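What follows is the content of run-v8.cif, which has mmCIF, N, CA and C atoms:
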```
data_entry
#
loop_
_atom_site.group_PDB
_atom_site.id
_atom_site.type_symbol
_atom_site.label_atom_id
_atom_site.label_comp_id
_atom_site.auth_asym_id
_atom_site.auth_seq_id
_atom_site.Cartn_x
_atom_site.Cartn_y
_atom_site.Cartn_z
ATOM 1 N N MET A 28 115.712 -70.878 195.108
ATOM 2 C CA MET A 28 114.579 -70.032 195.348
ATOM 3 C C MET A 28 114.891 -69.149 196.548
ATOM 4 N N ALA A 29 114.589 -67.872 196.458
ATOM 5 C CA ALA A 29 114.880 -66.906 197.509
ATOM 6 C C ALA A 29 113.657 -66.737 198.400
ATOM 7 N N THR A 30 113.914 -66.551 199.690
ATOM 8 C CA THR A 30 112.829 -66.319 200.644
ATOM 9 C C THR A 30 112.743 -64.826 200.906
ATOM 10 N N THR A 31 111.545 -64.306 200.852
ATOM 11 C CA THR A 31 111.350 -62.881 201.074
ATOM 12 C C THR A 31 110.557 -62.696 202.359
ATOM 13 N N GLU A 32 111.056 -61.838 203.223
ATOM 14 C CA GLU A 32 110.337 -61.544 204.450
ATOM 15 C C GLU A 32 109.668 -60.187 204.312
ATOM 16 N N PHE A 33 108.447 -60.120 204.751
ATOM 17 C CA PHE A 33 107.713 -58.862 204.737
ATOM 18 C C PHE A 33 107.508 -58.416 206.182
ATOM 19 N N THR A 34 107.843 -57.194 206.452
ATOM 20 C CA THR A 34 107.549 -56.642 207.773
ATOM 21 C C THR A 34 106.215 -55.923 207.678
ATOM 22 N N THR A 35 105.586 -55.756 208.807
ATOM 23 C CA THR A 35 104.272 -55.115 208.797
ATOM 24 C C THR A 35 104.344 -53.793 209.548
ATOM 25 N N PRO A 36 104.731 -52.730 208.856
ATOM 26 C CA PRO A 36 104.789 -51.437 209.518
ATOM 27 C C PRO A 36 103.409 -50.945 209.939
ATOM 28 N N ALA A 37 102.358 -51.503 209.383
ATOM 29 C CA ALA A 37 101.005 -51.078 209.756
ATOM 30 C C ALA A 37 100.715 -51.396 211.213
ATOM 31 N N VAL A 38 101.345 -52.435 211.757
ATOM 32 C CA VAL A 38 101.123 -52.779 213.155
ATOM 33 C C VAL A 38 101.668 -51.669 214.050
ATOM 34 N N ALA A 39 102.860 -51.224 213.757
ATOM 35 C CA ALA A 39 103.426 -50.118 214.531
ATOM 36 C C ALA A 39 102.599 -48.860 214.324
ATOM 37 N N GLY A 40 102.182 -48.639 213.095
ATOM 38 C CA GLY A 40 101.343 -47.476 212.806
ATOM 39 C C GLY A 40 99.998 -47.589 213.493
ATOM 40 N N GLY A 41 99.494 -48.816 213.576
ATOM 41 C CA GLY A 41 98.221 -49.038 214.251
ATOM 42 C C GLY A 41 98.307 -48.695 215.726
ATOM 43 N N SER A 42 99.431 -49.031 216.356
ATOM 44 C CA SER A 42 99.623 -48.687 217.767
ATOM 45 C C SER A 42 99.640 -47.184 217.944
ATOM 46 N N PHE A 43 100.325 -46.519 217.034
ATOM 47 C CA PHE A 43 100.375 -45.058 217.103
ATOM 48 C C PHE A 43 98.992 -44.458 216.912
ATOM 49 N N LEU A 44 98.255 -45.002 215.956
ATOM 50 C CA LEU A 44 96.909 -44.479 215.699
ATOM 51 C C LEU A 44 95.987 -44.705 216.889
ATOM 52 N N ARG A 45 96.111 -45.869 217.537
ATOM 53 C CA ARG A 45 95.300 -46.120 218.728
ATOM 54 C C ARG A 45 95.666 -45.144 219.839
ATOM 55 N N LEU A 46 96.957 -44.910 220.015
ATOM 56 C CA LEU A 46 97.412 -43.971 221.039
ATOM 57 C C LEU A 46 96.933 -42.552 220.726
ATOM 58 N N ALA A 47 97.060 -42.158 219.466
ATOM 59 C CA ALA A 47 96.597 -40.830 219.065
ATOM 60 C C ALA A 47 95.081 -40.717 219.242
ATOM 61 N N GLY A 48 94.356 -41.769 218.898
ATOM 62 C CA GLY A 48 92.902 -41.766 219.062
ATOM 63 C C GLY A 48 92.506 -41.646 220.525
ATOM 64 N N ALA A 49 93.238 -42.354 221.395
ATOM 65 C CA ALA A 49 92.952 -42.265 222.828
ATOM 66 C C ALA A 49 93.233 -40.856 223.339
ATOM 67 N N GLY A 50 94.311 -40.241 222.839
ATOM 68 C CA GLY A 50 94.627 -38.865 223.242
ATOM 69 C C GLY A 50 93.563 -37.888 222.787
ATOM 70 N N ILE A 51 93.084 -38.069 221.585
ATOM 71 C CA ILE A 51 92.034 -37.185 221.054
ATOM 72 C C ILE A 51 90.739 -37.388 221.837
ATOM 73 N N ALA A 52 90.435 -38.633 222.161
ATOM 74 C CA ALA A 52 89.219 -38.904 222.944
ATOM 75 C C ALA A 52 89.325 -38.244 224.321
ATOM 76 N N ARG A 53 90.494 -38.306 224.938
ATOM 77 C CA ARG A 53 90.694 -37.681 226.259
ATOM 78 C C ARG A 53 90.544 -36.162 226.154
ATOM 79 N N LEU A 54 91.097 -35.579 225.090
ATOM 80 C CA LEU A 54 90.939 -34.134 224.898
ATOM 81 C C LEU A 54 89.474 -33.757 224.710
ATOM 82 N N ALA A 55 88.735 -34.597 224.006
ATOM 83 C CA ALA A 55 87.303 -34.321 223.810
ATOM 84 C C ALA A 55 86.565 -34.356 225.142
ATOM 85 N N VAL A 56 86.906 -35.311 225.996
ATOM 86 C CA VAL A 56 86.276 -35.398 227.318
ATOM 87 C C VAL A 56 86.607 -34.157 228.142
ATOM 88 N N LEU A 57 87.878 -33.753 228.121
ATOM 89 C CA LEU A 57 88.285 -32.565 228.876
ATOM 90 C C LEU A 57 87.609 -31.304 228.339
ATOM 91 N N TRP A 58 87.507 -31.193 227.025
ATOM 92 C CA TRP A 58 86.856 -30.019 226.429
ATOM 93 C C TRP A 58 85.377 -29.976 226.826
ATOM 94 N N ARG A 59 84.701 -31.125 226.773
ATOM 95 C CA ARG A 59 83.287 -31.180 227.147
ATOM 96 C C ARG A 59 83.114 -30.798 228.620
ATOM 97 N N ALA A 60 84.004 -31.289 229.484
ATOM 98 C CA ALA A 60 83.928 -30.963 230.910
ATOM 99 C C ALA A 60 84.162 -29.473 231.131
ATOM 100 N N TYR A 61 85.124 -28.903 230.407
ATOM 101 C CA TYR A 61 85.390 -27.463 230.515
ATOM 102 C C TYR A 61 84.172 -26.654 230.080
ATOM 103 N N ARG A 62 83.603 -27.036 228.943
ATOM 104 C CA ARG A 62 82.436 -26.317 228.419
ATOM 105 C C ARG A 62 81.252 -26.439 229.384
ATOM 106 N N ASN A 63 81.017 -27.635 229.928
ATOM 107 C CA ASN A 63 79.917 -27.825 230.877
ATOM 108 C C ASN A 63 80.174 -27.080 232.179
ATOM 109 N N ARG A 64 81.434 -27.024 232.613
ATOM 110 C CA ARG A 64 81.789 -26.276 233.824
ATOM 111 C C ARG A 64 81.465 -24.795 233.638
ATOM 112 N N ARG A 65 81.756 -24.277 232.460
ATOM 113 C CA ARG A 65 81.462 -22.874 232.160
ATOM 114 C C ARG A 65 79.954 -22.618 232.190
ATOM 115 N N GLU A 66 79.167 -23.548 231.649
ATOM 116 C CA GLU A 66 77.710 -23.404 231.650
ATOM 117 C C GLU A 66 77.137 -23.516 233.064
ATOM 118 N N VAL A 67 77.684 -24.428 233.855
ATOM 119 C CA VAL A 67 77.215 -24.572 235.238
ATOM 120 C C VAL A 67 77.534 -23.298 236.017
ATOM 121 N N ALA A 68 78.695 -22.705 235.775
ATOM 122 C CA ALA A 68 79.061 -21.461 236.460
ATOM 123 C C ALA A 68 78.064 -20.347 236.127
ATOM 124 N N ARG A 69 77.510 -20.367 234.935
ATOM 125 C CA ARG A 69 76.515 -19.354 234.561
ATOM 126 C C ARG A 69 75.254 -19.476 235.398
ATOM 127 N N LEU A 70 74.980 -20.672 235.933
ATOM 128 C CA LEU A 70 73.803 -20.861 236.779
ATOM 129 C C LEU A 70 73.888 -20.035 238.057
ATOM 130 N N LEU A 71 75.109 -19.696 238.484
ATOM 131 C CA LEU A 71 75.267 -18.900 239.701
ATOM 132 C C LEU A 71 74.698 -17.494 239.544
ATOM 133 N N SER A 72 74.480 -17.052 238.309
ATOM 134 C CA SER A 72 73.900 -15.730 238.093
ATOM 135 C C SER A 72 72.373 -15.731 238.239
ATOM 136 N N LEU A 73 71.762 -16.927 238.328
ATOM 137 C CA LEU A 73 70.314 -17.020 238.491
ATOM 138 C C LEU A 73 69.937 -16.850 239.953
ATOM 139 N N ASP A 74 68.716 -16.342 240.196
ATOM 140 C CA ASP A 74 68.273 -16.228 241.589
ATOM 141 C C ASP A 74 67.739 -17.572 242.078
ATOM 142 N N SER A 75 67.493 -17.651 243.367
ATOM 143 C CA SER A 75 67.103 -18.919 243.998
ATOM 144 C C SER A 75 65.794 -19.469 243.438
ATOM 145 N N ARG A 76 64.862 -18.579 243.096
ATOM 146 C CA ARG A 76 63.583 -19.030 242.544
ATOM 147 C C ARG A 76 63.791 -19.707 241.193
ATOM 148 N N MET A 77 64.631 -19.124 240.360
ATOM 149 C CA MET A 77 64.895 -19.716 239.045
ATOM 150 C C MET A 77 65.602 -21.063 239.188
ATOM 151 N N LEU A 78 66.546 -21.137 240.113
ATOM 152 C CA LEU A 78 67.235 -22.407 240.351
ATOM 153 C C LEU A 78 66.257 -23.457 240.851
ATOM 154 N N SER A 79 65.335 -23.043 241.726
ATOM 155 C CA SER A 79 64.328 -23.960 242.247
ATOM 156 C C SER A 79 63.432 -24.481 241.124
ATOM 157 N N ASP A 80 63.145 -23.630 240.152
ATOM 158 C CA ASP A 80 62.319 -24.044 239.017
ATOM 159 C C ASP A 80 62.959 -25.181 238.230
ATOM 160 N N ILE A 81 64.284 -25.225 238.196
ATOM 161 C CA ILE A 81 64.939 -26.312 237.458
ATOM 162 C C ILE A 81 65.375 -27.444 238.391
ATOM 163 N N GLY A 82 64.997 -27.335 239.667
ATOM 164 C CA GLY A 82 65.190 -28.439 240.596
ATOM 165 C C GLY A 82 66.528 -28.495 241.299
ATOM 166 N N ILE A 83 67.219 -27.365 241.367
ATOM 167 C CA ILE A 83 68.506 -27.338 242.068
ATOM 168 C C ILE A 83 68.566 -26.131 242.991
ATOM 169 N N THR A 84 69.556 -26.108 243.854
ATOM 170 C CA THR A 84 69.758 -24.974 244.746
ATOM 171 C C THR A 84 71.114 -24.355 244.462
ATOM 172 N N ARG A 85 71.339 -23.180 245.028
ATOM 173 C CA ARG A 85 72.634 -22.522 244.868
ATOM 174 C C ARG A 85 73.746 -23.402 245.451
ATOM 175 N N GLY A 86 73.446 -24.072 246.562
ATOM 176 C CA GLY A 86 74.417 -24.982 247.171
ATOM 177 C C GLY A 86 74.775 -26.139 246.244
ATOM 178 N N ASP A 87 73.783 -26.622 245.486
ATOM 179 C CA ASP A 87 74.057 -27.686 244.514
ATOM 180 C C ASP A 87 75.054 -27.204 243.466
ATOM 181 N N VAL A 88 74.838 -25.999 242.972
ATOM 182 C CA VAL A 88 75.729 -25.446 241.944
ATOM 183 C C VAL A 88 77.124 -25.246 242.523
ATOM 184 N N GLU A 89 77.199 -24.702 243.719
ATOM 185 C CA GLU A 89 78.510 -24.487 244.343
ATOM 186 C C GLU A 89 79.205 -25.819 244.607
ATOM 187 N N SER A 90 78.442 -26.819 244.996
ATOM 188 C CA SER A 90 79.006 -28.152 245.220
ATOM 189 C C SER A 90 79.560 -28.727 243.917
ATOM 190 N N ALA A 91 78.818 -28.559 242.842
ATOM 191 C CA ALA A 91 79.274 -29.068 241.545
ATOM 192 C C ALA A 91 80.540 -28.342 241.089
ATOM 193 N N MET A 92 80.594 -27.041 241.327
ATOM 194 C CA MET A 92 81.768 -26.278 240.909
ATOM 195 C C MET A 92 82.991 -26.601 241.756
ATOM 196 N N ALA A 93 82.809 -27.177 242.946
ATOM 197 C CA ALA A 93 83.927 -27.523 243.818
ATOM 198 C C ALA A 93 84.578 -28.845 243.409
ATOM 199 N N MET A 94 83.994 -29.538 242.453
ATOM 200 C CA MET A 94 84.572 -30.803 242.007
ATOM 201 C C MET A 94 85.896 -30.553 241.298
ATOM 202 N N PRO A 95 86.791 -31.547 241.280
ATOM 203 C CA PRO A 95 88.073 -31.367 240.585
ATOM 204 C C PRO A 95 87.871 -31.057 239.106
ATOM 205 N N MET A 96 88.820 -30.373 238.513
ATOM 206 C CA MET A 96 88.693 -29.879 237.142
ATOM 207 C C MET A 96 88.343 -30.935 236.094
ATOM 208 N N PRO A 97 88.949 -32.088 236.045
ATOM 209 C CA PRO A 97 88.572 -32.973 234.941
ATOM 210 C C PRO A 97 87.166 -33.545 235.059
ATOM 211 N N ASP A 98 86.547 -33.464 236.242
ATOM 212 C CA ASP A 98 85.194 -33.995 236.407
ATOM 213 C C ASP A 98 84.169 -33.038 235.811
ATOM 214 N N ASP A 99 83.079 -33.611 235.322
ATOM 215 C CA ASP A 99 82.020 -32.830 234.684
ATOM 216 C C ASP A 99 80.982 -32.441 235.733
ATOM 217 N N PRO A 100 80.867 -31.148 236.069
ATOM 218 C CA PRO A 100 79.918 -30.743 237.110
ATOM 219 C C PRO A 100 78.460 -30.888 236.691
ATOM 220 N N SER A 101 78.188 -30.904 235.398
ATOM 221 C CA SER A 101 76.793 -31.009 234.962
ATOM 222 C C SER A 101 76.209 -32.376 235.314
ATOM 223 N N SER A 102 77.014 -33.425 235.252
ATOM 224 C CA SER A 102 76.496 -34.747 235.628
ATOM 225 C C SER A 102 76.234 -34.801 237.135
ATOM 226 N N HIS A 103 77.063 -34.122 237.918
ATOM 227 C CA HIS A 103 76.848 -34.045 239.371
ATOM 228 C C HIS A 103 75.537 -33.305 239.663
ATOM 229 N N LEU A 104 75.305 -32.204 238.968
ATOM 230 C CA LEU A 104 74.060 -31.443 239.156
ATOM 231 C C LEU A 104 72.845 -32.265 238.756
ATOM 232 N N ALA A 105 72.949 -32.971 237.662
ATOM 233 C CA ALA A 105 71.821 -33.796 237.211
ATOM 234 C C ALA A 105 71.496 -34.870 238.247
ATOM 235 N N ALA A 106 72.525 -35.470 238.833
ATOM 236 C CA ALA A 106 72.298 -36.494 239.854
ATOM 237 C C ALA A 106 71.642 -35.888 241.093
ATOM 238 N N LEU A 107 72.091 -34.703 241.502
ATOM 239 C CA LEU A 107 71.479 -34.049 242.660
ATOM 240 C C LEU A 107 70.011 -33.721 242.400
ATOM 241 N N ALA A 108 69.720 -33.196 241.223
ATOM 242 C CA ALA A 108 68.335 -32.853 240.882
ATOM 243 C C ALA A 108 67.468 -34.113 240.841
ATOM 244 N N HIS A 109 68.013 -35.199 240.299
ATOM 245 C CA HIS A 109 67.267 -36.454 240.230
ATOM 246 C C HIS A 109 66.976 -36.979 241.640
ATOM 247 N N GLU A 110 67.973 -36.933 242.512
ATOM 248 C CA GLU A 110 67.775 -37.388 243.893
ATOM 249 C C GLU A 110 66.729 -36.541 244.609
ATOM 250 N N ARG A 111 66.764 -35.224 244.388
ATOM 251 C CA ARG A 111 65.802 -34.342 245.038
ATOM 252 C C ARG A 111 64.386 -34.632 244.545
ATOM 253 N N ARG A 112 64.222 -34.840 243.241
ATOM 254 C CA ARG A 112 62.889 -35.157 242.710
ATOM 255 C C ARG A 112 62.387 -36.485 243.261
ATOM 256 N N ALA A 113 63.279 -37.468 243.371
ATOM 257 C CA ALA A 113 62.877 -38.774 243.906
ATOM 258 C C ALA A 113 62.454 -38.638 245.370
ATOM 259 N N ALA A 114 63.178 -37.837 246.143
ATOM 260 C CA ALA A 114 62.826 -37.628 247.557
ATOM 261 C C ALA A 114 61.490 -36.899 247.673
ATOM 262 N N GLN A 115 61.274 -35.892 246.828
ATOM 263 C CA GLN A 115 60.003 -35.165 246.859
ATOM 264 C C GLN A 115 58.843 -36.084 246.481
ATOM 265 N N ARG A 116 59.072 -36.926 245.489
ATOM 266 C CA ARG A 116 58.035 -37.861 245.059
ATOM 267 C C ARG A 116 57.717 -38.846 246.191
ATOM 268 N N ALA A 117 58.753 -39.343 246.856
ATOM 269 C CA ALA A 117 58.538 -40.285 247.967
ATOM 270 C C ALA A 117 57.787 -39.611 249.103
ATOM 271 N N ASN A 118 58.117 -38.352 249.423
ATOM 272 C CA ASN A 118 57.404 -37.618 250.471
ATOM 273 C C ASN A 118 55.940 -37.419 250.100
ATOM 274 N N TYR A 119 55.692 -37.067 248.852
ATOM 275 C CA TYR A 119 54.319 -36.851 248.390
ATOM 276 C C TYR A 119 53.515 -38.148 248.499
ATOM 277 N N GLU A 120 54.122 -39.259 248.076
ATOM 278 C CA GLU A 120 53.419 -40.543 248.146
ATOM 279 C C GLU A 120 53.163 -40.947 249.596
ATOM 280 N N ALA A 121 54.113 -40.658 250.482
ATOM 281 C CA ALA A 121 53.918 -40.972 251.901
ATOM 282 C C ALA A 121 52.785 -40.131 252.475
ATOM 283 N N GLN A 122 52.687 -38.878 252.079
ATOM 284 C CA GLN A 122 51.593 -38.012 252.532
ATOM 285 C C GLN A 122 50.260 -38.545 252.032
ATOM 286 N N GLN A 123 50.231 -39.010 250.807
ATOM 287 C CA GLN A 123 48.991 -39.557 250.242
ATOM 288 C C GLN A 123 48.556 -40.801 251.015
ATOM 289 N N VAL A 124 49.493 -41.651 251.377
ATOM 290 C CA VAL A 124 49.170 -42.863 252.141
ATOM 291 C C VAL A 124 48.643 -42.483 253.516
ATOM 292 N N ARG A 125 49.306 -41.532 254.175
ATOM 293 C CA ARG A 125 48.837 -41.085 255.509
ATOM 294 C C ARG A 125 47.453 -40.474 255.412
ATOM 295 N N ALA A 126 47.208 -39.676 254.394
ATOM 296 C CA ALA A 126 45.896 -39.047 254.226
ATOM 297 C C ALA A 126 44.825 -40.100 253.957
ATOM 298 N N ALA A 127 45.140 -41.127 253.187
ATOM 299 C CA ALA A 127 44.175 -42.187 252.883
ATOM 300 C C ALA A 127 43.837 -42.985 254.151
ATOM 301 N N ARG A 128 44.812 -43.164 255.014
ATOM 302 C CA ARG A 128 44.564 -43.910 256.265
ATOM 303 C C ARG A 128 43.678 -43.120 257.216
ATOM 304 N N ARG A 129 43.827 -41.792 257.196
ATOM 305 C CA ARG A 129 43.027 -40.943 258.094
ATOM 306 C C ARG A 129 41.594 -40.802 257.609
ATOM 307 N N GLY A 130 41.440 -40.760 256.343
ATOM 308 C CA GLY A 130 40.108 -40.412 255.917
ATOM 309 C C GLY A 130 39.517 -41.303 254.943
#
```

Show me, as structure tokens, the structure contained in the file I just sent.
Amino acid sequence: MATTEFTTPAVAGGSFLRLAGAGIARLAVLWRAYRNRREVARLLSLDSRMLSDIGITRGDVESAMAMPMPDDPSSHLAALAHERRAAQRANYEAQQVRAARRG
């Protein structure tokens, strides 16, 4: 009786596919960051009042654009806007407490 050995080329192919998938995922992340960077740069054309309406300042936009290229500036802007809203809310609540104590 003869013994037959089977090799599994799918394992090697699977490694290649995982590597290719990781490369494609990285390209997608870079493309999204590039596209978001371009959109954030468009915010610089807005005046200060318009930027204030969406909860950011010109300095916030410039700060986001100063981030290294692979980083997504839109997530940085969102975090800054969230922090500013939280600070404004805390100030408003503190004013309400002070006003309630006075009157």

Which parts of chain A does DSSP call alpha helix (DSSP H) when run on the backbone here, written out as a PyMOL selection string?
chain A and resi 36-69+75-80+85-92+100-129

How far is it from atom CA of A:Ser72 to atom C of A:Ser102, in Å with one decimal?
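Spanning atom CA of A:Ser72 to atom C of A:Ser102 is a straight-line distance of 19.2 Å.
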
Pick out the residues sitting within 7 Å of A:Tyr61, and hand them over as a PyMOL selection string; count only N, CA and C atoms, and ignore anything fewer than 3 positions along from it in its own chain.
chain A and resi 56-58+64-66+96-99

How many Å lie between atom C of A:Arg112 and atom N of A:Ser75, rounded to one decimal?
19.5 Å

Which polymer residues have any atom within 8 Å of an atom of A:Pro100, counting only N, CA and C atoms, with same-chain residues fewer than 3 positions away left out, as a ChimeraX atom specification?
/A:59-61,63-65,67,90-97,103-106

Distance atom C of A:Glu89-atom CA of A:Ala52, one decimal place?
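Going from atom C of A:Glu89 over to atom CA of A:Ala52, I get 27.2 Å.
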
Contacts of A:Ile83 within 9 Å, only C-alpha atoms, excl. fewer than 2 positions in-chain, as a list in words:
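What passes the distance filter is Ser75, Met77, Leu78, Ser79, Asp80, Ile81, Arg85, Gly86, Asp87, Val88, Leu104, Ala105, Leu107, Ala108 and Arg111 of chain A.
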